[in-house]
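Trainee: This one is final.cif, mmCIF, C-alpha atoms.
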```cif
data_entry
loop_
_atom_site.label_atom_id
_atom_site.label_comp_id
_atom_site.auth_asym_id
_atom_site.auth_seq_id
_atom_site.Cartn_x
_atom_site.Cartn_y
_atom_site.Cartn_z
CA MET B 61 142.15 137.03 53.39
CA ASN B 62 142.18 140.15 51.27
CA HIS B 63 139.24 139.05 49.27
CA VAL B 64 137.30 141.95 47.79
CA PRO B 65 133.77 141.03 46.74
CA ALA B 66 133.20 141.69 43.07
CA HIS B 67 130.09 143.81 43.62
CA LYS B 68 132.19 146.55 45.11
CA PHE B 69 133.62 147.20 41.67
CA SER B 70 130.93 146.01 39.37
CA ASP B 71 128.31 148.66 40.07
CA ASP B 72 130.29 151.03 37.91
CA ALA B 73 131.65 149.88 34.58
CA ARG B 74 133.69 153.03 33.95
CA PRO B 75 137.21 153.18 35.30
CA LEU B 76 137.28 154.56 38.80
CA THR B 77 138.33 158.14 39.28
CA ARG B 78 141.46 158.76 41.28
CA ARG B 79 139.35 159.97 44.15
CA ALA B 80 137.18 156.88 44.11
CA MET B 81 140.29 154.71 43.95
CA ALA B 82 141.73 156.46 47.00
CA LYS B 83 138.46 156.01 48.87
CA LEU B 84 138.39 152.33 48.02
CA ARG B 85 141.96 151.91 49.20
CA THR B 86 141.13 153.65 52.48
CA ARG B 87 138.17 151.35 52.97
CA GLN B 88 140.25 148.28 52.26
CA ALA B 89 142.98 149.40 54.63
CA LEU B 90 140.43 149.97 57.39
CA LEU B 91 138.76 146.63 56.77
CA GLN B 92 142.10 144.87 56.91
CA ALA B 93 143.26 146.66 60.07
CA GLY B 94 139.87 146.11 61.67
CA LYS B 95 139.95 142.43 60.89
CA GLN B 96 143.38 142.07 62.41
CA LEU B 97 142.51 143.93 65.60
CA PHE B 98 139.15 142.23 66.08
CA THR B 99 140.95 138.92 65.67
CA GLU B 100 143.66 139.85 68.16
CA ARG B 101 141.53 141.51 70.82
CA GLY B 102 137.91 140.57 70.36
CA TYR B 103 135.13 143.01 69.50
CA GLU B 104 134.88 145.10 72.67
CA ASP B 105 138.59 145.71 73.12
CA ALA B 106 139.36 146.72 69.54
CA THR B 107 138.63 150.44 69.52
CA VAL B 108 137.92 152.58 66.48
CA ARG B 109 140.90 154.72 67.39
CA ASP B 110 143.27 151.76 67.44
CA ILE B 111 141.88 150.45 64.16
CA ALA B 112 142.38 153.85 62.53
CA ARG B 113 145.91 154.06 63.88
CA ALA B 114 146.78 150.54 62.70
CA ALA B 115 145.60 151.52 59.22
CA GLY B 116 147.69 154.70 59.41
CA MET B 117 144.63 156.96 59.38
CA SER B 118 142.63 159.31 61.51
CA THR B 119 139.61 158.26 63.54
CA GLY B 120 137.61 160.54 61.25
CA ALA B 121 138.51 158.36 58.28
CA VAL B 122 136.74 155.44 59.92
CA PHE B 123 133.54 157.41 60.37
CA ALA B 124 133.76 158.81 56.86
CA ASN B 125 133.60 155.24 55.58
CA PHE B 126 131.52 153.40 58.15
CA SER B 127 128.64 154.57 60.29
CA ASP B 128 130.17 153.03 63.43
CA LYS B 129 132.28 150.17 64.76
CA ALA B 130 129.40 147.74 64.39
CA ASP B 131 129.08 148.69 60.70
CA LEU B 132 132.79 148.12 60.08
CA PHE B 133 132.61 144.78 61.88
CA ALA B 134 129.52 143.71 59.92
CA GLU B 135 131.27 144.59 56.66
CA ILE B 136 134.29 142.46 57.60
CA LEU B 137 132.04 139.52 58.39
CA SER B 138 130.02 139.87 55.23
CA ASP B 139 133.21 139.91 53.12
CA ASP B 140 134.24 136.76 54.94
CA TYR B 141 130.93 135.05 54.23
CA GLU B 142 131.35 135.82 50.55
CA ALA B 143 134.85 134.42 50.46
CA LEU B 144 133.72 131.29 52.27
CA ALA B 145 130.61 130.89 50.12
CA SER B 146 132.63 131.03 46.93
CA ALA B 147 135.06 128.41 48.24
CA MET B 148 132.13 126.19 49.24
CA ARG B 149 130.38 126.68 45.91
CA GLU B 150 133.41 125.35 44.04
CA ILE B 151 133.32 122.23 46.17
CA ALA B 152 129.56 121.82 45.85
CA VAL B 153 129.59 121.60 42.05
CA GLU B 154 131.94 118.62 42.05
CA ASP B 155 130.09 115.43 41.36
CA ARG B 156 130.18 113.13 44.37
CA PRO B 157 127.83 111.48 46.85
CA VAL B 158 125.80 113.86 49.02
CA ARG B 159 127.51 112.80 52.21
CA ASP B 160 131.00 113.39 50.84
CA ALA B 161 130.04 116.69 49.25
CA LEU B 162 128.61 117.97 52.52
CA ALA B 163 131.62 116.75 54.51
CA ALA B 164 133.95 118.57 52.11
CA ILE B 165 131.89 121.77 52.32
CA LEU B 166 131.92 121.76 56.11
CA GLU B 167 135.61 120.92 56.14
CA ALA B 168 136.24 124.03 54.06
CA GLY B 169 134.30 125.99 56.68
CA TYR B 170 136.45 124.66 59.49
CA ALA B 171 139.66 125.34 57.58
CA PHE B 172 138.51 128.88 56.85
CA HIS B 173 137.51 129.78 60.39
CA LEU B 174 140.22 127.95 62.31
CA GLU B 175 142.77 130.30 60.82
CA GLN B 176 140.97 133.18 62.50
CA LEU B 177 139.04 131.59 65.32
CA PRO B 178 138.97 134.65 67.63
CA LEU B 179 137.17 136.58 64.90
CA LEU B 180 134.47 133.94 64.75
CA GLN B 181 134.12 134.05 68.54
CA ALA B 182 133.80 137.81 68.49
CA ALA B 183 131.16 137.50 65.77
CA ASN B 184 129.23 134.90 67.73
CA SER B 185 129.36 136.88 70.90
CA VAL B 186 128.24 140.11 69.24
CA SER B 187 125.47 138.42 67.29
CA TRP B 188 123.39 137.92 70.45
CA SER B 189 123.02 141.66 70.84
CA HIS B 190 123.04 142.79 67.21
CA THR B 191 121.03 145.69 65.91
CA ALA B 192 118.39 144.65 63.42
CA LYS B 193 120.38 146.10 60.51
CA ASP B 194 123.60 144.26 61.36
CA GLU B 195 121.64 141.11 61.95
CA GLU B 196 120.04 141.41 58.53
CA ARG B 197 123.47 141.59 56.91
CA ARG B 198 124.72 138.66 58.90
CA ARG B 199 121.70 136.66 57.92
CA ALA B 200 122.19 137.52 54.26
CA GLY B 201 125.74 136.18 54.51
CA LEU B 202 124.57 133.09 56.33
CA ARG B 203 121.79 132.59 53.78
CA GLN B 204 124.39 132.31 50.98
CA VAL B 205 126.31 129.60 52.77
CA LEU B 206 123.23 127.75 53.93
CA SER B 207 121.76 127.73 50.44
CA ILE B 208 124.80 125.78 49.26
CA VAL B 209 124.10 123.05 51.81
CA GLU B 210 120.45 123.05 50.74
CA ALA B 211 121.39 122.78 47.07
CA VAL B 212 123.48 119.69 47.77
CA LEU B 213 120.62 118.14 49.76
CA ARG B 214 118.16 118.91 46.98
CA ARG B 215 120.49 117.23 44.48
CA GLY B 216 120.52 114.25 46.86
CA VAL B 217 116.74 114.08 46.70
CA GLU B 218 116.73 114.39 42.89
CA THR B 219 119.32 111.63 42.50
CA LYS B 220 117.35 109.48 44.97
CA GLN B 221 120.15 109.35 47.52
CA LEU B 222 117.73 110.97 49.98
CA ALA B 223 114.05 110.35 50.57
CA ALA B 224 111.64 112.24 48.34
CA LYS B 225 109.79 113.63 51.35
CA THR B 226 112.96 115.10 52.90
CA ASP B 227 112.44 118.51 54.47
CA VAL B 228 115.51 120.10 52.93
CA GLU B 229 115.44 123.30 54.96
CA LEU B 230 115.00 121.54 58.26
CA THR B 231 117.73 119.04 57.43
CA ALA B 232 120.12 121.82 56.43
CA ASP B 233 119.26 123.56 59.69
CA LEU B 234 120.25 120.51 61.74
CA ILE B 235 123.50 120.10 59.83
CA TRP B 236 124.35 123.75 60.20
CA GLN B 237 123.61 124.05 63.93
CA ALA B 238 125.71 120.98 64.69
CA TYR B 239 128.51 122.28 62.47
CA ARG B 240 128.51 125.66 64.19
CA SER B 241 128.34 124.30 67.70
CA ASN B 242 131.44 122.24 67.05
CA PHE B 243 133.51 125.40 67.02
CA ARG B 244 133.14 125.38 70.79
CA LEU B 245 135.22 122.23 70.80
CA ALA B 246 137.96 124.10 68.96
CA VAL B 247 137.77 127.03 71.36
CA PHE B 248 137.48 125.22 74.66
CA ASP B 249 138.70 121.68 74.09
CA GLY B 250 141.52 122.25 71.65
CA TYR B 251 140.02 120.28 68.75
CA ASP B 252 142.04 120.71 65.56
CA GLU B 253 140.67 120.62 62.04
CA GLY B 254 140.94 116.85 61.75
CA ALA B 255 139.08 116.26 65.01
CA LEU B 256 136.35 118.72 64.02
CA VAL B 257 135.93 117.08 60.65
CA ARG B 258 135.63 113.61 62.21
CA ARG B 259 132.99 114.92 64.62
CA THR B 260 131.02 116.66 61.90
CA GLU B 261 131.14 113.51 59.74
CA ARG B 262 129.56 111.45 62.51
CA GLN B 263 126.86 114.11 62.88
CA LEU B 264 126.31 114.15 59.13
CA ASP B 265 125.97 110.38 59.03
CA LEU B 266 123.33 110.50 61.73
CA ILE B 267 121.34 113.30 60.12
CA LEU B 268 121.52 111.80 56.63
CA ASN B 269 120.47 108.46 58.05
CA ALA B 270 117.30 110.21 59.21
CA VAL B 271 116.45 111.27 55.65
CA LYS B 272 117.76 108.31 53.69
CA VAL B 273 115.67 106.51 51.09
CA GLY B 274 113.30 103.84 52.41
CA MET X 1462 133.54 134.16 115.58
CA ALA X 1463 134.70 132.38 112.48
CA GLY X 1464 131.18 131.05 112.11
CA VAL X 1465 129.75 134.55 112.10
CA ARG X 1466 132.25 135.67 109.51
CA VAL X 1467 131.45 132.76 107.24
CA ALA X 1468 127.74 133.42 107.63
CA ARG X 1469 128.20 137.09 106.83
CA LYS X 1470 130.27 136.25 103.78
CA GLN X 1471 127.58 133.87 102.59
CA ALA X 1472 124.92 136.54 103.09
CA THR X 1473 126.95 139.01 101.01
CA ARG X 1474 127.37 136.41 98.33
CA ASP X 1475 123.65 135.67 98.18
CA ARG X 1476 122.73 139.35 98.12
CA VAL X 1477 125.20 140.05 95.31
CA LEU X 1478 123.94 137.13 93.25
CA SER X 1479 120.33 138.07 93.63
CA ALA X 1480 121.01 141.73 92.82
CA ALA X 1481 123.09 140.72 89.81
CA ARG X 1482 120.37 138.42 88.53
CA ASP X 1483 117.77 141.17 88.71
CA LEU X 1484 120.07 143.70 87.03
CA PHE X 1485 121.10 141.33 84.24
CA VAL X 1486 117.40 140.82 83.53
CA GLU X 1487 116.48 144.49 83.73
CA VAL X 1488 119.35 146.26 81.97
CA GLY X 1489 121.24 143.36 80.39
CA TYR X 1490 124.58 141.80 81.23
CA GLU X 1491 126.74 144.27 79.32
CA ALA X 1492 125.16 147.36 80.85
CA ALA X 1493 125.18 146.10 84.41
CA THR X 1494 128.34 147.28 86.19
CA ILE X 1495 129.88 145.92 89.38
CA ARG X 1496 129.08 149.24 91.03
CA MET X 1497 125.42 148.97 90.11
CA ILE X 1498 125.34 145.42 91.43
CA ALA X 1499 126.93 146.56 94.72
CA GLN X 1500 124.43 149.40 95.11
CA ARG X 1501 121.49 147.14 94.44
CA ALA X 1502 122.78 144.58 96.93
CA SER X 1503 123.54 147.31 99.50
CA VAL X 1504 127.14 146.16 99.89
CA ALA X 1505 130.40 148.00 99.27
CA THR X 1506 131.73 147.81 95.72
CA GLY X 1507 134.94 146.45 97.19
CA SER X 1508 133.22 143.46 98.74
CA VAL X 1509 131.78 142.45 95.39
CA PHE X 1510 135.32 142.31 94.06
CA THR X 1511 136.57 140.32 97.04
CA THR X 1512 133.70 137.85 96.70
CA PHE X 1513 133.85 137.33 92.93
CA PRO X 1514 136.88 137.69 90.65
CA SER X 1515 134.86 139.08 87.71
CA LYS X 1516 131.43 139.95 86.40
CA LEU X 1517 131.61 136.88 84.20
CA GLU X 1518 132.10 134.78 87.34
CA ILE X 1519 128.97 136.35 88.85
CA LEU X 1520 126.98 135.47 85.73
CA LYS X 1521 128.33 131.94 85.86
CA ARG X 1522 127.22 131.50 89.51
CA VAL X 1523 123.83 133.06 88.82
CA MET X 1524 123.28 130.55 86.03
CA GLU X 1525 124.42 127.58 88.11
CA GLU X 1526 122.13 128.40 91.01
CA ARG X 1527 119.20 128.68 88.65
CA LEU X 1528 120.02 125.30 87.15
CA ASP X 1529 119.58 123.61 90.54
CA ARG X 1530 115.94 124.68 90.49
CA LEU X 1531 115.48 123.61 86.88
CA TYR X 1532 116.90 120.15 87.51
CA ALA X 1533 114.88 119.66 90.67
CA GLU X 1534 111.82 120.33 88.51
CA LEU X 1535 113.00 117.94 85.81
CA ASP X 1536 113.81 115.19 88.32
CA SER X 1537 110.25 115.31 89.53
CA ILE X 1538 108.91 115.20 85.97
CA MET X 1539 111.06 112.33 84.68
CA PRO X 1540 109.06 109.45 86.24
CA HIS X 1541 105.84 110.82 84.74
CA LEU X 1542 107.02 111.05 81.15
CA ARG X 1543 105.01 108.99 78.69
CA GLY X 1544 105.00 108.28 74.99
CA SER X 1545 107.71 107.62 72.42
CA VAL X 1546 111.37 108.45 72.89
CA ALA X 1547 110.88 111.55 70.73
CA ASP X 1548 107.89 112.65 72.84
CA ARG X 1549 109.91 112.31 76.02
CA LEU X 1550 112.86 114.22 74.60
CA CYS X 1551 110.54 116.95 73.38
CA SER X 1552 109.05 117.25 76.87
CA ILE X 1553 112.46 117.61 78.52
CA MET X 1554 113.50 120.31 76.10
CA ALA X 1555 110.14 122.08 76.38
CA VAL X 1556 110.63 122.35 80.15
CA HIS X 1557 113.98 124.02 79.41
CA TYR X 1558 112.42 126.58 77.10
CA ASP X 1559 109.62 127.30 79.58
CA PHE X 1560 112.18 127.83 82.29
CA GLU X 1561 114.70 129.96 80.38
CA MET X 1562 112.17 132.07 78.52
CA LYS X 1563 110.96 133.48 81.82
CA ARG X 1564 114.18 135.49 81.71
CA PRO X 1565 115.31 135.41 78.09
CA ARG X 1566 117.78 138.26 78.48
CA LEU X 1567 119.62 136.46 81.21
CA TYR X 1568 119.91 133.31 79.16
CA THR X 1569 121.02 135.04 75.99
CA ALA X 1570 123.63 136.98 77.99
CA TYR X 1571 124.87 133.61 79.12
CA LEU X 1572 124.92 132.25 75.58
CA ALA X 1573 126.77 135.32 74.33
CA ALA X 1574 129.31 134.96 77.13
CA ASN X 1575 129.84 131.38 76.01
CA PHE X 1576 131.62 132.79 73.01
CA GLU X 1577 133.64 135.46 74.81
CA TRP X 1578 137.24 134.67 74.21
CA THR X 1579 138.89 137.37 76.29
CA ASP X 1580 137.77 135.74 79.51
CA GLY X 1581 138.95 132.28 78.66
CA PRO X 1582 137.13 128.98 78.99
CA ALA X 1583 135.77 129.71 82.46
CA PHE X 1584 132.37 128.50 81.38
CA LEU X 1585 130.49 125.32 81.42
CA THR X 1586 129.67 125.58 77.76
CA PHE X 1587 126.09 124.99 76.81
CA GLY X 1588 125.46 121.62 75.30
CA SER X 1589 128.00 120.02 77.59
CA ASN X 1590 125.84 120.23 80.70
CA PRO X 1591 126.32 116.73 82.19
CA ARG X 1592 122.98 116.66 84.02
CA LEU X 1593 121.03 117.35 80.85
CA ARG X 1594 123.08 114.87 78.84
CA ASP X 1595 122.49 112.24 81.53
CA MET X 1596 118.78 112.78 81.39
CA LEU X 1597 118.65 112.49 77.60
CA ARG X 1598 120.89 109.44 77.70
CA LYS X 1599 118.52 107.67 80.09
CA ILE X 1600 115.59 108.27 77.78
CA LEU X 1601 117.58 107.02 74.79
CA ALA X 1602 118.84 103.97 76.69
CA ARG X 1603 115.28 103.08 77.55
CA GLY X 1604 114.47 103.49 73.87
CA ILE X 1605 117.10 100.87 73.07
CA GLU X 1606 115.47 98.49 75.59
CA THR X 1607 112.04 98.96 74.06
CA GLY X 1608 113.45 98.49 70.55
CA GLU X 1609 112.69 102.03 69.43
CA VAL X 1610 116.33 103.06 69.17
CA ARG X 1611 119.06 101.07 67.40
CA PRO X 1612 121.44 99.47 69.91
CA ASP X 1613 124.46 100.71 67.96
CA ALA X 1614 123.11 104.27 67.63
CA ASP X 1615 125.66 107.03 68.15
CA LEU X 1616 123.98 108.58 71.20
CA ASP X 1617 126.62 111.22 71.92
CA ILE X 1618 126.37 112.49 68.41
CA PHE X 1619 122.58 112.48 68.55
CA MET X 1620 122.76 114.65 71.67
CA ASP X 1621 125.27 116.96 69.96
CA VAL X 1622 122.77 117.60 67.21
CA VAL X 1623 119.78 118.10 69.49
CA LEU X 1624 121.61 120.32 71.96
CA SER X 1625 123.19 122.43 69.23
CA CYS X 1626 119.74 123.13 67.87
CA TYR X 1627 118.43 123.77 71.36
CA GLY X 1628 120.95 126.51 72.07
CA MET X 1629 120.96 128.07 68.64
CA ASN X 1630 117.16 128.27 68.56
CA TYR X 1631 117.34 131.04 71.15
CA ARG X 1632 118.63 133.21 68.33
CA CYS X 1633 115.13 133.17 66.93
CA ALA X 1634 113.87 134.53 70.25
CA VAL X 1635 116.40 137.34 70.14
CA GLN X 1636 116.22 138.13 66.46
CA LYS X 1637 112.81 137.09 65.22
CA GLY X 1638 110.76 137.53 68.36
CA PHE X 1639 109.90 133.84 68.75
CA ASP X 1640 108.00 133.13 71.96
CA THR X 1641 108.23 130.01 74.11
CA ALA X 1642 105.62 128.11 72.09
CA ASP X 1643 107.44 128.91 68.81
CA LEU X 1644 110.73 127.65 70.22
CA ILE X 1645 109.15 124.47 71.52
CA ALA X 1646 107.47 123.82 68.16
CA MET X 1647 110.79 124.35 66.38
CA MET X 1648 112.63 121.99 68.74
CA ASP X 1649 109.91 119.35 68.31
CA ARG X 1650 110.40 119.39 64.54
CA GLN X 1651 114.16 119.12 64.90
CA ILE X 1652 113.94 116.25 67.38
CA ASN X 1653 111.48 114.40 65.18
CA VAL X 1654 113.90 114.47 62.26
CA ALA X 1655 117.02 113.68 64.30
CA ILE X 1656 115.36 110.73 66.05
CA ARG X 1657 114.95 108.96 62.72
CA GLY X 1658 118.75 108.98 62.48
CA VAL X 1659 118.94 106.66 65.50
CA ALA X 1660 115.63 104.81 65.14
CA ALA X 1661 115.58 101.05 64.72
CA SER X 1662 114.46 100.30 61.17
#
```
Mind converting the file's structure to structure tokens?
Mentor:
Amino acid sequence: MNHVPAHKFSDDARPLTRRAMAKLRTRQALLQAGKQLFTERGYEDATVRDIARAAGMSTGAVFANFSDKADLFAEILSDDYEALASAMREIAVEDRPVRDALAAILEAGYAFHLEQLPLLQAANSVSWSHTAKDEERRRAGLRQVLSIVEAVLRRGVETKQLAAKTDVELTADLIWQAYRSNFRLAVFDGYDEGALVRRTERQLDLILNAVKVG
Amino acid sequence: MAGVRVARKQATRDRVLSAARDLFVEVGYEAATIRMIAQRASVATGSVFTTFPSKLEILKRVMEERLDRLYAELDSIMPHLRGSVADRLCSIMAVHYDFEMKRPRLYTAYLAANFEWTDGPAFLTFGSNPRLRDMLRKILARGIETGEVRPDADLDIFMDVVLSCYGMNYRCAVQKGFDTADLIAMMDRQINVAIRGVAAS
């Protein structure tokens, strides 16, 4: 998961100066170390000092690059959302029935997060006490992913697989909340990817049945 | 003598729980320390530790004791519910929002703790509350009898969807300032879509 969002490079077409390159490498090293420690220990127990040390840097280097621990964490999550959104987008463009497209998109989500489940738990836990700024970033990330689900639903309406009067946003909301809640089953009840996918497919069938044609 | 000791232990327990509940509401779960809870309850810090293994355990007990009141209220409401299956479900969930939104910080602390991984699965995770599921199942079963709900409807999955939305909607209270009426309106819309997924055609 060393995905670097393209925008980090694209705002400057000229080749990066050596200094800028070094700064970028520092940032990447901190993001990577942070991700690993947050995953291993959860949000509270991963300290800035330990993250700096794991990246082979000083604590000062963290604060030179991020305003605080919450900022570093939010950046890690927003990189993750981008990586996940681009994986989901590739699946969404394939031509198949709405139900199958949505199942495949959610399956990609489970595969992505199951590899790093503790990180998702930390994110969920922290999100209930977010600052407004961090929450805005999280919501921007979420928006990307959710808009993919909405696009598939809209295509379903256009191709008359779903009723014309379908409330796309509300339907996407139901699908997404059910999808997210299922992670609890992975955390507490030991569900693996296959079990999660089967559960989410039953939920999808029910929700799509509510908005089917006729 | 043993009786006195048991009674005293129970009194300590009750005092700690009530102090903890007030503190969680006032300063939040994270900021409330065991020492603060002990001070508020007028007991020694040590006796909090001997009564409860962790702060998380205190939160868990606080939530459970509250639920007894909520379900007593719901039990008395159940026989008076009228209207369609969706109407009844909306009423049950609205009572939940009314109840929890009296102390939103306490409930969101509980939801946040649901996702804590360092403390392990000590929690009754929201959405799996058997009393609530039972109540919803009864309403749905009655819906099957009256022909409103398909007999082969996937009721567990329907409840998954509704309860996921129920819990996640609290985010809007935390992050967008939704009040009780907003949350209830949101839940009503969600239930009215989901119900069509199990409705008899």
Trainee: Any idea what's packed within 9 Å of B:Tyr141, counting all atoms listed in the file, ignoring anything in its chain fewer than 2 positions away? Could you give it as a list in words?
Mentor: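 Within the cut-off, the hits are Ile136, Leu137, Ser138, Asp139, Ala143, Leu144, Ala145, Ser146, Arg198, Gly201, Leu202, Gln204 and Val205 of chain B.
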Trainee: Residues of chain B were defined as contacting chain X if any atom lay at most 6 Å from it, counting all atoms listed in the file; please report them as a VMD selection string.
Mentor: chain B and resid 181 185 188 237 to 238 241 248 263 266 to 267 269 to 270
Trainee: Please put the answer as lines of an AutoDock Vina configuration file: centre and edge lengths, in Å with one decimal, of a box along x, y and z that encloses all listed atoms of stretch 1495-1503 of chain X plus 3 Å on each side.
Mentor:
```
center_x = 125.7
center_y = 147.0
center_z = 94.4
size_x = 14.4
size_y = 10.8
size_z = 16.1
```
Trainee: Identify all residues satisfying the PyMOL selection byres ((chain B and resi 86) around 9) in the given file; provide them as a ChimeraX atom specification.
Mentor: /B:81-85,87-91,115,117,121-122,125
Trainee: To verify the selection step, state as a list in words which residues the PyMOL selection byres ((chain B and resi 253) around 8) yields on this input.
Mentor: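 Selected by the PyMOL selection byres ((chain B and resi 253) around 8) here: Glu167, Tyr170, Ala171, Leu174, Tyr251, Asp252, Gly254, Ala255, Leu256 and Val257 of chain B.
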Trainee: Step by step: start from the point (110.8, 112.2, 72.2) in the file's coordinates, keep every protein, DNA or RNA residue that has an atom no farther than 10 Å from it, count only C-alpha atoms, and write the set as a PyMOL selection string.
Mentor: chain X and resi 1542-1554+1597+1600-1601+1604+1649+1652-1653+1656
Trainee: Can you list, as a PyMOL selection string, the residues that the PyMOL selection byres ((chain X and resi 1527-1534) around 10) selects here?
Mentor: chain X and resi 1482+1522-1526+1535-1539+1556-1557+1560-1561+1592-1593+1596
Trainee: To one decimal in Å, tell me the separation between atom CA of X:Val1486 and atom CA of X:Arg1564.
Mentor: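 Between atom CA of X:Val1486 and atom CA of X:Arg1564 the gap is 6.5 Å.
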Trainee: Take atom CA of B:Ala246 and atom CA of B:Leu177 and report the distance between them in Å, one decimal.
Mentor: 8.4 Å
Trainee: To one decimal place in Å, what is the distance between atom CA of B:Lys220 and atom CA of B:Leu162?
Mentor: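 Atom-to-atom, atom CA of B:Lys220 to atom CA of B:Leu162, that is 16.0 Å.
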Trainee: Which residue gives the smallest distance to B:Arg156 among B:Gly250, B:Gly102, B:Gly94, B:Gly216, with all atoms listed in the file counted?
Mentor: B:Gly216
Trainee: Pick from B:Glu196, B:Thr107, B:Asp128, B:Leu166: nearest to B:Ala147, with all atoms listed in the file counted?
Mentor: B:Leu166
Trainee: Please determine, counting only C-alpha atoms, which residue among X:Asp1559, X:Gly1464, X:Arg1474, X:Ala1602 has the shortest atom-to-atom distance to X:Ser1508.
Mentor: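 Nearest to X:Ser1508: X:Arg1474.
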Trainee: Extract, using only C-alpha atoms, all DNA, RNA and protein residues at most 9 Å from B:Arg214, discarding same-chain residues fewer than 5 positions from it, and format them as JSON, numbers by chain.
Mentor: {"B": [209, 219, 222, 226, 228]}
Trainee: Would you fill the gaps in stretch 1533-1544 of chain X so it has N, CA, C and O atoms, then print it as a CSV table (one decimal), keeping the file's coordinate frame?
Mentor:
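That gives us out-v3.csv:
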```csv
chain,number,residue,atom,x,y,z
X,1533,ALA,N,115.8,120.2,89.7
X,1533,ALA,CA,114.9,119.7,90.7
X,1533,ALA,C,113.5,119.5,90.0
X,1533,ALA,O,112.9,118.4,90.2
X,1534,GLU,N,113.1,120.4,89.2
X,1534,GLU,CA,111.8,120.3,88.5
X,1534,GLU,C,111.8,119.1,87.5
X,1534,GLU,O,110.9,118.3,87.5
X,1535,LEU,N,112.9,119.0,86.8
X,1535,LEU,CA,113.0,117.9,85.8
X,1535,LEU,C,113.0,116.6,86.5
X,1535,LEU,O,112.4,115.6,86.0
X,1536,ASP,N,113.8,116.5,87.6
X,1536,ASP,CA,113.8,115.2,88.3
X,1536,ASP,C,112.4,114.7,88.7
X,1536,ASP,O,112.1,113.5,88.7
X,1537,SER,N,111.6,115.7,89.1
X,1537,SER,CA,110.2,115.3,89.5
X,1537,SER,C,109.4,115.0,88.3
X,1537,SER,O,108.4,114.2,88.5
X,1538,ILE,N,109.7,115.5,87.2
X,1538,ILE,CA,108.9,115.2,86.0
X,1538,ILE,C,109.3,113.8,85.3
X,1538,ILE,O,108.4,113.1,84.9
X,1539,MET,N,110.6,113.5,85.4
X,1539,MET,CA,111.1,112.3,84.7
X,1539,MET,C,110.2,111.1,84.8
X,1539,MET,O,109.9,110.4,83.8
X,1540,PRO,N,109.8,110.7,86.1
X,1540,PRO,CA,109.1,109.4,86.2
X,1540,PRO,C,107.7,109.5,85.6
X,1540,PRO,O,107.1,108.5,85.3
X,1541,HIS,N,107.2,110.7,85.3
X,1541,HIS,CA,105.8,110.8,84.7
X,1541,HIS,C,105.8,110.9,83.2
X,1541,HIS,O,104.7,111.0,82.6
X,1542,LEU,N,107.0,110.9,82.6
X,1542,LEU,CA,107.0,111.0,81.2
X,1542,LEU,C,106.4,109.8,80.5
X,1542,LEU,O,106.6,108.7,80.9
X,1543,ARG,N,105.6,110.1,79.4
X,1543,ARG,CA,105.0,109.0,78.7
X,1543,ARG,C,105.3,109.2,77.2
X,1543,ARG,O,105.7,110.2,76.8
X,1544,GLY,N,104.9,108.1,76.4
X,1544,GLY,CA,105.0,108.3,75.0
X,1544,GLY,C,106.3,107.8,74.4
X,1544,GLY,O,107.1,107.2,75.1
```
